[in-house]
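Structure file upload.csv; described as CSV, C-alpha atoms (C1' of nucleotides).
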chain,number,residue,atom,x,y,z
A,221,MET,CA,-56.9,-169.9,128.9
A,222,ASN,CA,-58.7,-172.0,126.3
A,223,ILE,CA,-61.8,-170.8,124.6
A,224,GLY,CA,-64.1,-172.5,127.1
A,225,ASP,CA,-62.6,-170.6,130.0
A,226,VAL,CA,-62.9,-167.3,128.2
A,227,SER,CA,-66.4,-168.1,127.2
A,228,ASP,CA,-67.3,-168.8,130.8
A,229,ARG,CA,-65.6,-165.7,132.1
A,230,SER,CA,-66.8,-163.3,129.4
A,231,GLY,CA,-70.3,-164.8,129.1
A,232,LEU,CA,-69.9,-164.9,125.3
A,233,PRO,CA,-70.5,-168.2,123.5
A,234,ALA,CA,-67.3,-169.9,122.1
A,235,LYS,CA,-68.9,-169.6,118.6
A,236,THR,CA,-69.1,-165.8,119.0
A,237,ILE,CA,-65.5,-165.5,120.2
A,238,ARG,CA,-64.3,-167.4,117.2
A,239,TYR,CA,-66.4,-165.1,115.0
A,240,TYR,CA,-64.9,-162.1,116.7
A,241,GLU,CA,-61.5,-163.4,115.8
A,242,GLU,CA,-62.6,-164.1,112.2
A,243,ILE,CA,-63.7,-160.5,111.7
A,244,GLY,CA,-60.5,-159.2,113.4
A,245,LEU,CA,-61.8,-157.9,116.7
A,246,ILE,CA,-59.4,-160.1,118.6
A,247,SER,CA,-56.2,-162.0,117.8
A,248,PRO,CA,-55.5,-164.6,120.4
A,249,ALA,CA,-52.3,-166.6,120.3
A,250,ARG,CA,-52.2,-170.3,119.3
A,251,ASP,CA,-50.9,-173.3,121.2
A,252,HIS,CA,-48.8,-176.0,119.6
A,253,ASN,CA,-51.9,-178.0,119.1
A,254,GLY,CA,-53.8,-175.3,117.3
A,255,TYR,CA,-56.0,-174.3,120.3
A,256,ARG,CA,-56.5,-170.6,120.8
A,257,ARG,CA,-54.6,-169.4,123.9
A,258,PHE,CA,-56.2,-166.3,125.4
A,259,ALA,CA,-54.3,-163.8,127.6
A,260,GLU,CA,-55.9,-161.7,130.2
A,261,GLN,CA,-55.9,-158.8,127.7
A,262,ASP,CA,-57.9,-160.9,125.3
A,263,LEU,CA,-60.4,-161.6,128.0
A,264,HIS,CA,-60.5,-157.9,128.8
A,265,LYS,CA,-61.2,-157.0,125.2
A,266,LEU,CA,-64.0,-159.6,125.0
A,267,ALA,CA,-65.6,-158.3,128.2
A,268,PHE,CA,-65.4,-154.8,126.6
A,269,LEU,CA,-67.1,-156.1,123.5
A,270,ALA,CA,-69.7,-158.0,125.4
A,271,ARG,CA,-70.7,-154.8,127.3
A,272,ALA,CA,-70.7,-152.7,124.2
A,273,ARG,CA,-72.8,-155.2,122.4
A,274,ALA,CA,-75.2,-155.4,125.3
A,275,LEU,CA,-75.7,-151.6,125.0
A,276,GLY,CA,-76.7,-152.3,121.4
A,277,PHE,CA,-73.6,-150.9,119.6
A,278,THR,CA,-73.1,-152.6,116.2
A,279,ILE,CA,-70.0,-154.6,115.6
A,280,GLU,CA,-68.5,-151.8,113.5
A,281,GLU,CA,-69.2,-149.3,116.3
A,282,CYS,CA,-67.6,-151.8,118.7
A,283,ARG,CA,-64.6,-152.0,116.5
A,284,ALA,CA,-64.3,-148.2,116.5
A,285,LEU,CA,-64.8,-148.0,120.3
A,286,LEU,CA,-62.2,-150.6,120.9
A,287,ALA,CA,-59.7,-148.8,118.7
A,288,LEU,CA,-60.4,-145.6,120.7
A,289,TYR,CA,-60.1,-147.5,123.9
A,290,GLU,CA,-56.7,-148.6,123.0
A,291,ASP,CA,-55.6,-145.2,121.7
A,292,ASP,CA,-54.1,-143.1,124.5
A,293,THR,CA,-54.3,-140.0,122.4
A,294,ARG,CA,-58.0,-140.3,121.6
A,295,ALA,CA,-60.4,-137.4,122.0
A,296,SER,CA,-63.4,-138.2,124.2
A,297,ALA,CA,-65.4,-136.3,121.6
A,298,ASP,CA,-65.0,-139.1,119.1
A,299,VAL,CA,-66.3,-141.6,121.7
A,300,LYS,CA,-69.2,-139.4,122.6
A,301,ARG,CA,-70.2,-138.9,119.0
A,302,ILE,CA,-70.5,-142.6,118.4
A,303,ALA,CA,-72.5,-143.0,121.6
A,304,ARG,CA,-74.7,-140.1,120.9
A,305,ASP,CA,-75.5,-141.3,117.4
A,306,HIS,CA,-76.3,-144.7,118.7
A,307,LEU,CA,-78.5,-143.2,121.4
A,308,ARG,CA,-80.5,-141.4,118.8
A,309,ARG,CA,-81.0,-144.6,116.9
A,310,ILE,CA,-82.3,-146.2,120.1
A,311,GLU,CA,-84.7,-143.3,120.8
A,312,ALA,CA,-86.0,-143.6,117.2
A,313,LYS,CA,-86.5,-147.3,117.6
A,314,ILE,CA,-88.3,-146.9,120.9
A,315,ALA,CA,-90.6,-144.4,119.3
A,316,ASP,CA,-91.3,-146.8,116.4
A,317,LEU,CA,-92.0,-149.6,118.8
A,318,ARG,CA,-94.2,-147.5,121.0
A,319,ALA,CA,-96.3,-146.6,118.0
A,320,MET,CA,-96.7,-150.2,117.1
A,321,ARG,CA,-97.5,-151.1,120.7
A,322,ASP,CA,-100.2,-148.5,121.0
A,323,THR,CA,-101.9,-149.6,117.8
A,324,LEU,CA,-101.6,-153.2,118.7
A,325,THR,CA,-102.8,-152.7,122.2
A,326,GLU,CA,-106.0,-151.0,120.9
A,327,LEU,CA,-106.6,-153.8,118.4
A,328,VAL,CA,-106.0,-156.6,120.9
A,329,ASP,CA,-108.2,-154.9,123.4
A,330,ALA,CA,-111.0,-154.6,120.8
A,331,CYS,CA,-110.8,-158.2,119.8
A,332,ALA,CA,-113.2,-160.6,121.6
A,333,GLY,CA,-110.8,-163.5,121.2
A,334,ASP,CA,-113.5,-166.1,121.0
A,335,SER,CA,-114.6,-168.7,118.5
A,336,ARG,CA,-116.4,-166.3,116.2
A,337,PRO,CA,-114.7,-165.0,113.1
A,338,ASP,CA,-115.4,-161.3,113.6
A,339,CYS,CA,-112.1,-159.6,114.4
A,340,PRO,CA,-111.2,-155.9,114.6
A,341,ILE,CA,-107.5,-156.8,114.1
A,342,LEU,CA,-108.1,-158.4,110.7
A,343,ARG,CA,-110.6,-155.7,109.9
A,344,ASP,CA,-107.9,-153.1,110.5
A,345,LEU,CA,-105.2,-154.9,108.5
A,346,GLY,CA,-107.6,-155.4,105.6
A,347,ARG,CA,-109.2,-152.0,105.6
A,348,GLU,CA,-109.5,-150.2,102.3
A,349,GLY,CA,-107.2,-147.3,101.5
B,87,MET,CA,-101.8,-154.0,86.7
B,88,ASN,CA,-98.1,-154.6,86.3
B,89,ILE,CA,-95.7,-154.7,89.2
B,90,GLY,CA,-94.9,-151.1,89.0
B,91,ASP,CA,-98.5,-150.0,89.5
B,92,VAL,CA,-98.9,-152.3,92.4
B,93,SER,CA,-95.7,-151.1,93.9
B,94,ASP,CA,-96.9,-147.5,93.6
B,95,ARG,CA,-100.3,-148.3,95.1
B,96,SER,CA,-99.2,-150.6,97.9
B,97,GLY,CA,-96.1,-148.6,98.8
B,98,LEU,CA,-94.0,-151.9,98.6
B,99,PRO,CA,-90.9,-152.0,96.5
B,100,ALA,CA,-91.2,-154.2,93.4
B,101,LYS,CA,-88.4,-156.3,94.7
B,102,THR,CA,-90.3,-157.0,97.9
B,103,ILE,CA,-93.4,-157.9,95.9
B,104,ARG,CA,-91.4,-160.4,93.9
B,105,TYR,CA,-90.0,-161.7,97.1
B,106,TYR,CA,-93.4,-162.2,98.6
B,107,GLU,CA,-94.4,-164.2,95.6
B,108,GLU,CA,-91.3,-166.3,95.9
B,109,ILE,CA,-92.1,-167.2,99.5
B,110,GLY,CA,-95.7,-168.0,98.6
B,111,LEU,CA,-97.5,-165.0,100.1
B,112,ILE,CA,-99.1,-164.1,96.8
B,113,SER,CA,-99.6,-165.8,93.5
B,114,PRO,CA,-100.2,-163.2,90.8
B,115,ALA,CA,-101.2,-164.4,87.3
B,116,ARG,CA,-98.8,-164.0,84.4
B,117,ASP,CA,-99.3,-162.3,81.0
B,118,HIS,CA,-98.3,-163.9,77.7
B,119,ASN,CA,-94.9,-162.0,77.9
B,120,GLY,CA,-94.1,-163.3,81.4
B,121,TYR,CA,-95.0,-160.1,83.2
B,122,ARG,CA,-96.9,-160.5,86.5
B,123,ARG,CA,-100.5,-159.4,86.1
B,124,PHE,CA,-102.0,-158.3,89.4
B,125,ALA,CA,-105.7,-158.3,90.2
B,126,GLU,CA,-107.3,-156.0,92.8
B,127,GLN,CA,-107.3,-158.9,95.2
B,128,ASP,CA,-103.5,-159.2,94.9
B,129,LEU,CA,-103.2,-155.5,95.6
B,130,HIS,CA,-105.5,-155.9,98.6
B,131,LYS,CA,-103.4,-158.7,100.0
B,132,LEU,CA,-100.2,-156.7,99.5
B,133,ALA,CA,-101.8,-153.8,101.3
B,134,PHE,CA,-102.7,-156.2,104.2
B,135,LEU,CA,-99.1,-157.4,104.3
B,136,ALA,CA,-97.7,-153.9,104.2
B,137,ARG,CA,-99.8,-153.0,107.2
B,138,ALA,CA,-99.0,-156.1,109.1
B,139,ARG,CA,-95.3,-155.7,108.5
B,140,ALA,CA,-95.6,-152.0,109.6
B,141,LEU,CA,-96.9,-153.3,112.9
B,142,GLY,CA,-93.8,-155.4,113.2
B,143,PHE,CA,-95.3,-158.8,112.6
B,144,THR,CA,-92.8,-161.3,111.2
B,145,ILE,CA,-93.3,-162.7,107.7
B,146,GLU,CA,-94.5,-166.0,109.2
B,147,GLU,CA,-97.0,-164.2,111.4
B,148,CYS,CA,-98.2,-162.3,108.3
B,149,ARG,CA,-98.6,-165.6,106.6
B,150,ALA,CA,-100.7,-166.9,109.5
B,151,LEU,CA,-102.7,-163.7,109.7
B,152,LEU,CA,-103.4,-163.7,106.0
B,153,ALA,CA,-104.6,-167.3,106.1
B,154,LEU,CA,-107.0,-166.4,109.0
B,155,TYR,CA,-108.1,-163.3,107.0
B,156,GLU,CA,-109.1,-165.5,104.2
B,157,ASP,CA,-110.8,-168.1,106.3
B,158,ASP,CA,-114.4,-167.3,107.0
B,159,THR,CA,-114.6,-169.9,109.7
B,160,ARG,CA,-111.7,-168.6,111.7
B,161,ALA,CA,-111.9,-168.0,115.5
B,162,SER,CA,-110.9,-164.4,116.5
B,163,ALA,CA,-109.1,-166.1,119.4
B,164,ASP,CA,-106.4,-167.3,117.0
B,165,VAL,CA,-105.9,-163.9,115.6
B,166,LYS,CA,-105.8,-162.4,119.1
B,167,ARG,CA,-103.2,-164.9,120.3
B,168,ILE,CA,-100.8,-164.0,117.4
B,169,ALA,CA,-101.3,-160.3,118.1
B,170,ARG,CA,-100.9,-160.7,121.9
B,171,ASP,CA,-97.7,-162.7,121.5
B,172,HIS,CA,-96.3,-160.1,119.2
B,173,LEU,CA,-97.3,-157.4,121.6
B,174,ARG,CA,-95.4,-159.1,124.4
B,175,ARG,CA,-92.3,-159.3,122.2
B,176,ILE,CA,-92.6,-155.6,121.5
B,177,GLU,CA,-93.0,-154.7,125.2
B,178,ALA,CA,-89.9,-156.8,126.0
B,179,LYS,CA,-88.0,-155.0,123.2
B,180,ILE,CA,-89.0,-151.6,124.5
B,181,ALA,CA,-87.9,-152.5,128.0
B,182,ASP,CA,-84.5,-153.7,126.6
B,183,LEU,CA,-84.1,-150.5,124.6
B,184,ARG,CA,-85.1,-148.3,127.5
B,185,ALA,CA,-82.5,-149.9,129.7
B,186,MET,CA,-79.9,-149.3,127.0
B,187,ARG,CA,-81.1,-145.8,126.6
B,188,ASP,CA,-80.9,-145.0,130.3
B,189,THR,CA,-77.4,-146.3,130.6
B,190,LEU,CA,-76.2,-144.6,127.5
B,191,THR,CA,-77.8,-141.4,128.4
B,192,GLU,CA,-75.9,-141.4,131.7
B,193,LEU,CA,-72.7,-142.2,130.0
B,194,VAL,CA,-73.1,-139.6,127.3
B,195,ASP,CA,-74.0,-136.9,129.8
B,196,ALA,CA,-70.9,-137.8,131.9
B,197,CYS,CA,-68.6,-137.5,128.9
B,198,ALA,CA,-67.0,-134.2,128.3
B,199,GLY,CA,-66.7,-134.7,124.6
B,200,ASP,CA,-63.6,-132.7,124.1
B,201,SER,CA,-60.1,-133.3,122.8
B,202,ARG,CA,-58.9,-135.0,126.0
B,203,PRO,CA,-58.6,-138.8,126.2
B,204,ASP,CA,-60.4,-139.2,129.5
B,205,CYS,CA,-63.8,-140.8,128.9
B,206,PRO,CA,-66.4,-142.2,131.2
B,207,ILE,CA,-68.0,-144.2,128.4
B,208,LEU,CA,-64.8,-146.1,127.7
B,209,ARG,CA,-64.1,-146.4,131.4
B,210,ASP,CA,-67.5,-148.1,131.9
B,211,LEU,CA,-67.1,-150.4,128.9
B,212,GLY,CA,-63.6,-151.4,130.1
B,213,ARG,CA,-64.3,-151.7,133.8
B,214,GLU,CA,-63.1,-154.8,135.6
B,215,GLY,CA,-65.6,-157.5,136.6
C,183,DC,C1',-57.3,-198.5,125.4
C,184,DT,C1',-61.2,-196.2,125.4
C,185,DT,C1',-64.4,-192.7,126.9
C,186,DG,C1',-65.8,-188.1,127.1
C,187,DA,C1',-65.0,-183.4,127.1
C,188,DC,C1',-62.6,-180.2,124.8
C,189,DC,C1',-60.9,-178.1,120.7
C,190,DT,C1',-60.4,-177.3,115.4
C,191,DT,C1',-62.2,-175.9,110.6
C,192,DC,C1',-65.7,-175.5,107.2
C,193,DC,C1',-70.3,-175.1,105.4
C,194,DA,C1',-75.0,-173.8,105.7
C,195,DG,C1',-78.9,-171.4,107.6
C,196,DT,C1',-81.2,-167.5,109.9
C,197,DT,C1',-84.6,-162.6,108.6
C,198,DA,C1',-86.4,-159.9,105.2
C,199,DC,C1',-85.1,-158.1,102.0
C,200,DT,C1',-81.7,-155.3,98.6
C,201,DG,C1',-78.5,-154.5,94.7
C,202,DG,C1',-76.8,-155.6,90.4
C,203,DA,C1',-75.9,-158.1,86.1
C,204,DG,C1',-77.6,-159.6,81.8
C,205,DG,C1',-81.3,-159.8,79.0
C,206,DC,C1',-86.4,-159.6,77.0
C,207,DC,C1',-90.6,-156.5,75.8
C,208,DC,C1',-92.9,-152.5,74.3
C,209,DT,C1',-93.6,-147.9,72.6
C,210,DA,C1',-91.9,-143.8,70.5
C,211,DT,C1',-89.1,-141.3,67.6
C,212,DC,C1',-86.0,-140.5,63.7
D,63,DG,C1',-86.0,-150.2,60.0
D,64,DA,C1',-82.9,-148.8,63.7
D,65,DT,C1',-82.6,-147.1,68.1
D,66,DA,C1',-83.4,-145.2,72.7
D,67,DG,C1',-85.7,-145.5,77.0
D,68,DG,C1',-88.3,-147.5,80.5
D,69,DG,C1',-90.3,-151.4,82.5
D,70,DC,C1',-90.1,-156.1,83.2
D,71,DC,C1',-87.8,-160.8,83.8
D,72,DT,C1',-84.5,-164.3,86.4
D,73,DC,C1',-80.6,-165.4,89.0
D,74,DC,C1',-76.9,-164.6,92.1
D,75,DA,C1',-74.8,-162.4,95.9
D,76,DG,C1',-74.7,-159.7,100.0
D,77,DT,C1',-76.5,-157.7,104.4
D,78,DA,C1',-75.9,-158.4,110.5
D,79,DA,C1',-74.3,-161.1,113.8
D,80,DC,C1',-74.3,-164.9,114.8
D,81,DT,C1',-75.8,-170.2,115.3
D,82,DG,C1',-76.0,-175.1,114.4
D,83,DG,C1',-73.9,-179.1,112.8
D,84,DA,C1',-70.7,-182.3,110.6
D,85,DA,C1',-66.2,-184.4,110.6
D,86,DG,C1',-62.2,-184.8,112.9
D,87,DG,C1',-57.9,-183.8,116.1
D,88,DT,C1',-56.4,-183.5,121.4
D,89,DC,C1',-56.1,-184.5,126.1
D,90,DA,C1',-56.8,-186.3,130.9
D,91,DA,C1',-59.0,-189.9,133.5
D,92,DG,C1',-59.9,-194.5,134.5
Would you mind writing the file's structure down as structure tokens?
Amino acid sequence: MNIGDVSDRSGLPAKTIRYYEEIGLISPARDHNGYRRFAEQDLHKLAFLARARALGFTIEECRALLALYEDDTRASADVKRIARDHLRRIEAKIADLRAMRDTLTELVDACAGDSRPDCPILRDLGREG
Amino acid sequence: MNIGDVSDRSGLPAKTIRYYEEIGLISPARDHNGYRRFAEQDLHKLAFLARARALGFTIEECRALLALYEDDTRASADVKRIARDHLRRIEAKIADLRAMRDTLTELVDACAGDSRPDCPILRDLGREG
DNA sequence: CTTGACCTTCCAGTTACTGGAGGCCCTATC
DNA sequence: GATAGGGCCTCCAGTAACTGGAAGGTCAAG
């Protein structure tokens, strides 16, 4: 498989696949002409990475997860720790965003949104203190 | 006021304040020795920026909001549009994160987290298809 | 033989800062 | 007068994870 096929089958842009090679997540073989030649195993790794990334894991977490995935002697506790830490970060992020959303919703609702200059949103942002 | 005072009073790191000057959000005066000299108005702008950033507005949105803030002939509709667009992005982000969280929660709950290699998290990430 | 779709590498840009090096300014103390 | 400390200055580089684009090699079809 060339990079285009792998891109189609994994859903990852070719640019991203090259980037993953550059940072050492995958190591596809090369053809005589210099083209990357992907085996099924490479595709499988890329699919793994795509799903891990879609769950919001960082690249470094993906690297660790992939290493565990390929280690038959792993302890599931190590995997779980990574996932739980990530889950906590997501929960925190959701809480942050919800707070923003609540404030913004109030402000947007309070704003007339017409041609006049008076605006509760700007009043709030510019308040003293 | 020197940058240290403004940093203390606005809560923004000095580095960030310099950065905001560099990208043209503020233009503090300079003393004979080259030090930035901040007026109350500069501090007020920085506080505005800090609050807008805390609500998740991008720098460019902050720039637009600040321009509207200083324009007595603004239409509140322009402010509201920026805020509403941002609110929509936040809602979308929350939805994304919630989906991640739900999946991750399931996976983490299903994982024994012990010394054995068997792991539903990795099984899911490495599933075929 | 040429066209067009692939593929290659390398460089730069994105967001919003952050860290650090090297060096000036100012006040206080010895 | 020398020095120590803290604050300030600019400039450069790095962060995360790509993304876009330029310049150019490869390959199959017509």
Return as JSON lines the residues of chain A lying at most 6 Å from chain B, together with the closest atom-to-atom pair for each and the distance in Å to one decimal, counting all atoms listed in the file, with rows in chain order and ascending residue number.
{"residue": "A:Phe268", "atom": "CA", "partner": "B:Gly212", "partner_atom": "CA", "distance": 5.2}
{"residue": "A:Arg271", "atom": "CA", "partner": "B:Leu211", "partner_atom": "CA", "distance": 5.9}
{"residue": "A:Leu275", "atom": "CA", "partner": "B:Met186", "partner_atom": "CA", "distance": 5.2}
{"residue": "A:Thr293", "atom": "CA", "partner": "B:Pro203", "partner_atom": "CA", "distance": 5.9}
{"residue": "A:Arg294", "atom": "CA", "partner": "B:Pro203", "partner_atom": "CA", "distance": 4.9}
{"residue": "A:Ala295", "atom": "CA", "partner": "B:Ser201", "partner_atom": "CA", "distance": 4.2}
{"residue": "A:Ser296", "atom": "CA", "partner": "B:Gly199", "partner_atom": "CA", "distance": 4.8}
{"residue": "A:Ala297", "atom": "CA", "partner": "B:Gly199", "partner_atom": "CA", "distance": 3.6}
{"residue": "A:Lys300", "atom": "CA", "partner": "B:Gly199", "partner_atom": "CA", "distance": 5.7}
{"residue": "A:Ile314", "atom": "CA", "partner": "B:Ile180", "partner_atom": "CA", "distance": 6.0}
{"residue": "A:Met320", "atom": "CA", "partner": "B:Leu141", "partner_atom": "CA", "distance": 5.2}
{"residue": "A:Gly333", "atom": "CA", "partner": "B:Ala163", "partner_atom": "CA", "distance": 3.6}
{"residue": "A:Asp334", "atom": "CA", "partner": "B:Ala163", "partner_atom": "CA", "distance": 4.7}
{"residue": "A:Ser335", "atom": "CA", "partner": "B:Ala161", "partner_atom": "CA", "distance": 4.1}
{"residue": "A:Arg336", "atom": "CA", "partner": "B:Ala161", "partner_atom": "CA", "distance": 4.9}
{"residue": "A:Pro337", "atom": "CA", "partner": "B:Ala161", "partner_atom": "CA", "distance": 4.8}
{"residue": "A:Cys339", "atom": "CA", "partner": "B:Ser162", "partner_atom": "CA", "distance": 5.4}
{"residue": "A:Leu345", "atom": "CA", "partner": "B:Phe134", "partner_atom": "CA", "distance": 5.1}
{"residue": "A:Gly346", "atom": "CA", "partner": "B:Phe134", "partner_atom": "CA", "distance": 5.2}
Export, as a compact mmCIF listing (two decimals), keeping the file's coordinate frame, the selected residues with C-alpha atoms.
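Saved the output as result_25.txt:
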# COMPACT_ATOMS: atom_id res chain seq x y z
CA PHE A 268 -65.40 -154.80 126.60
CA ARG A 271 -70.70 -154.80 127.30
CA LEU A 275 -75.70 -151.60 125.00
CA THR A 293 -54.30 -140.00 122.40
CA ARG A 294 -58.00 -140.30 121.60
CA ALA A 295 -60.40 -137.40 122.00
CA SER A 296 -63.40 -138.20 124.20
CA ALA A 297 -65.40 -136.30 121.60
CA LYS A 300 -69.20 -139.40 122.60
CA ILE A 314 -88.30 -146.90 120.90
CA MET A 320 -96.70 -150.20 117.10
CA GLY A 333 -110.80 -163.50 121.20
CA ASP A 334 -113.50 -166.10 121.00
CA SER A 335 -114.60 -168.70 118.50
CA ARG A 336 -116.40 -166.30 116.20
CA PRO A 337 -114.70 -165.00 113.10
CA CYS A 339 -112.10 -159.60 114.40
CA LEU A 345 -105.20 -154.90 108.50
CA GLY A 346 -107.60 -155.40 105.60
I need the contact residues of chain C against chain A, so if you could list those with any atom within 12 Å, counting only C-alpha atoms (C1' of nucleotides), and return them as a short mmCIF file (atom, residue, chain, number, x, y, z; two decimals) with C-alpha atoms (C1' of nucleotides), in the frame of the given file, that would help.
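Result went into result-v9.cif, see below:
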data_model
loop_
_atom_site.label_atom_id
_atom_site.label_comp_id
_atom_site.auth_asym_id
_atom_site.auth_seq_id
_atom_site.Cartn_x
_atom_site.Cartn_y
_atom_site.Cartn_z
"C1'" DA C 187 -65.00 -183.40 127.10
"C1'" DC C 188 -62.60 -180.20 124.80
"C1'" DC C 189 -60.90 -178.10 120.70
"C1'" DT C 190 -60.40 -177.30 115.40
"C1'" DT C 191 -62.20 -175.90 110.60
#
Please identify every residue of chain D that has at least one atom no farther than 8 Å from an atom of chain B, counting only C-alpha atoms (C1' of nucleotides), and for each give the shortest atom pair and the distance in Å to one decimal, arranged by chain then increasing number, as a Markdown table.
| residue | atom | partner | partner_atom | distance |
| --- | --- | --- | --- | --- |
| D:DG69 | C1' | B:Gly90 | CA | 8.0 |
| D:DC70 | C1' | B:Tyr121 | CA | 6.3 |
| D:DC71 | C1' | B:Gly120 | CA | 7.2 |
Any idea what the distance is between C1' of DG67 in chain D and CA of Thr102 in chain B?
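These atoms are spaced 24.3 Å apart.
Between C1' of DA91 in chain D and CA of Ala259 in chain A there is a distance of 27.2 Å.
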In Å, rounded to a single decimal, give me how far C1' of DT196 in chain C is from C1' of DC80 in chain D.
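Separation between C1' of DC80 in chain D and C1' of DT196 in chain C: 8.9 Å.
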Please reconstruct the missing atoms of range 111-131 of chain B (target: N, CA and C atoms) and return them as a compact mmCIF listing (two decimals), keeping the file's coordinate frame.
# COMPACT_ATOMS: atom_id res chain seq x y z
N LEU B 111 -96.52 -165.86 99.50
CA LEU B 111 -97.50 -165.00 100.10
C LEU B 111 -98.60 -164.59 99.14
N ILE B 112 -98.17 -164.42 97.91
CA ILE B 112 -99.10 -164.10 96.80
C ILE B 112 -98.80 -164.91 95.61
N SER B 113 -99.77 -164.98 94.69
CA SER B 113 -99.60 -165.80 93.50
C SER B 113 -100.23 -165.04 92.30
N PRO B 114 -99.65 -163.94 91.88
CA PRO B 114 -100.20 -163.20 90.80
C PRO B 114 -100.21 -164.01 89.48
N ALA B 115 -101.16 -163.70 88.58
CA ALA B 115 -101.20 -164.40 87.30
C ALA B 115 -100.05 -163.82 86.42
N ARG B 116 -99.89 -164.45 85.26
CA ARG B 116 -98.80 -164.00 84.40
C ARG B 116 -99.41 -163.67 82.99
N ASP B 117 -98.88 -162.66 82.38
CA ASP B 117 -99.30 -162.30 81.00
C ASP B 117 -98.50 -163.20 80.03
N HIS B 118 -98.91 -163.11 78.77
CA HIS B 118 -98.30 -163.90 77.70
C HIS B 118 -96.75 -163.63 77.67
N ASN B 119 -96.36 -162.41 78.02
CA ASN B 119 -94.90 -162.00 77.90
C ASN B 119 -94.17 -162.34 79.21
N GLY B 120 -94.83 -162.98 80.17
CA GLY B 120 -94.10 -163.30 81.40
C GLY B 120 -94.28 -162.32 82.51
N TYR B 121 -94.83 -161.16 82.19
CA TYR B 121 -95.00 -160.10 83.20
C TYR B 121 -96.06 -160.59 84.23
N ARG B 122 -95.85 -160.22 85.50
CA ARG B 122 -96.90 -160.50 86.50
C ARG B 122 -98.10 -159.62 86.23
N ARG B 123 -99.29 -160.23 86.29
CA ARG B 123 -100.50 -159.40 86.10
C ARG B 123 -101.27 -159.49 87.44
N PHE B 124 -101.39 -158.34 88.12
CA PHE B 124 -102.00 -158.30 89.40
C PHE B 124 -103.46 -157.89 89.37
N ALA B 125 -104.29 -158.66 90.07
CA ALA B 125 -105.70 -158.30 90.20
C ALA B 125 -105.86 -157.43 91.46
N GLU B 126 -107.04 -156.83 91.58
CA GLU B 126 -107.30 -156.00 92.80
C GLU B 126 -107.11 -156.79 94.05
N GLN B 127 -107.45 -158.06 93.98
CA GLN B 127 -107.30 -158.90 95.20
C GLN B 127 -105.86 -159.05 95.59
N ASP B 128 -104.97 -159.14 94.60
CA ASP B 128 -103.50 -159.20 94.90
C ASP B 128 -103.09 -157.94 95.60
N LEU B 129 -103.54 -156.84 95.04
CA LEU B 129 -103.20 -155.50 95.60
C LEU B 129 -103.69 -155.46 97.07
N HIS B 130 -104.89 -155.95 97.27
CA HIS B 130 -105.50 -155.90 98.60
C HIS B 130 -104.66 -156.74 99.60
N LYS B 131 -104.23 -157.89 99.14
CA LYS B 131 -103.40 -158.70 100.00
C LYS B 131 -102.07 -158.02 100.30
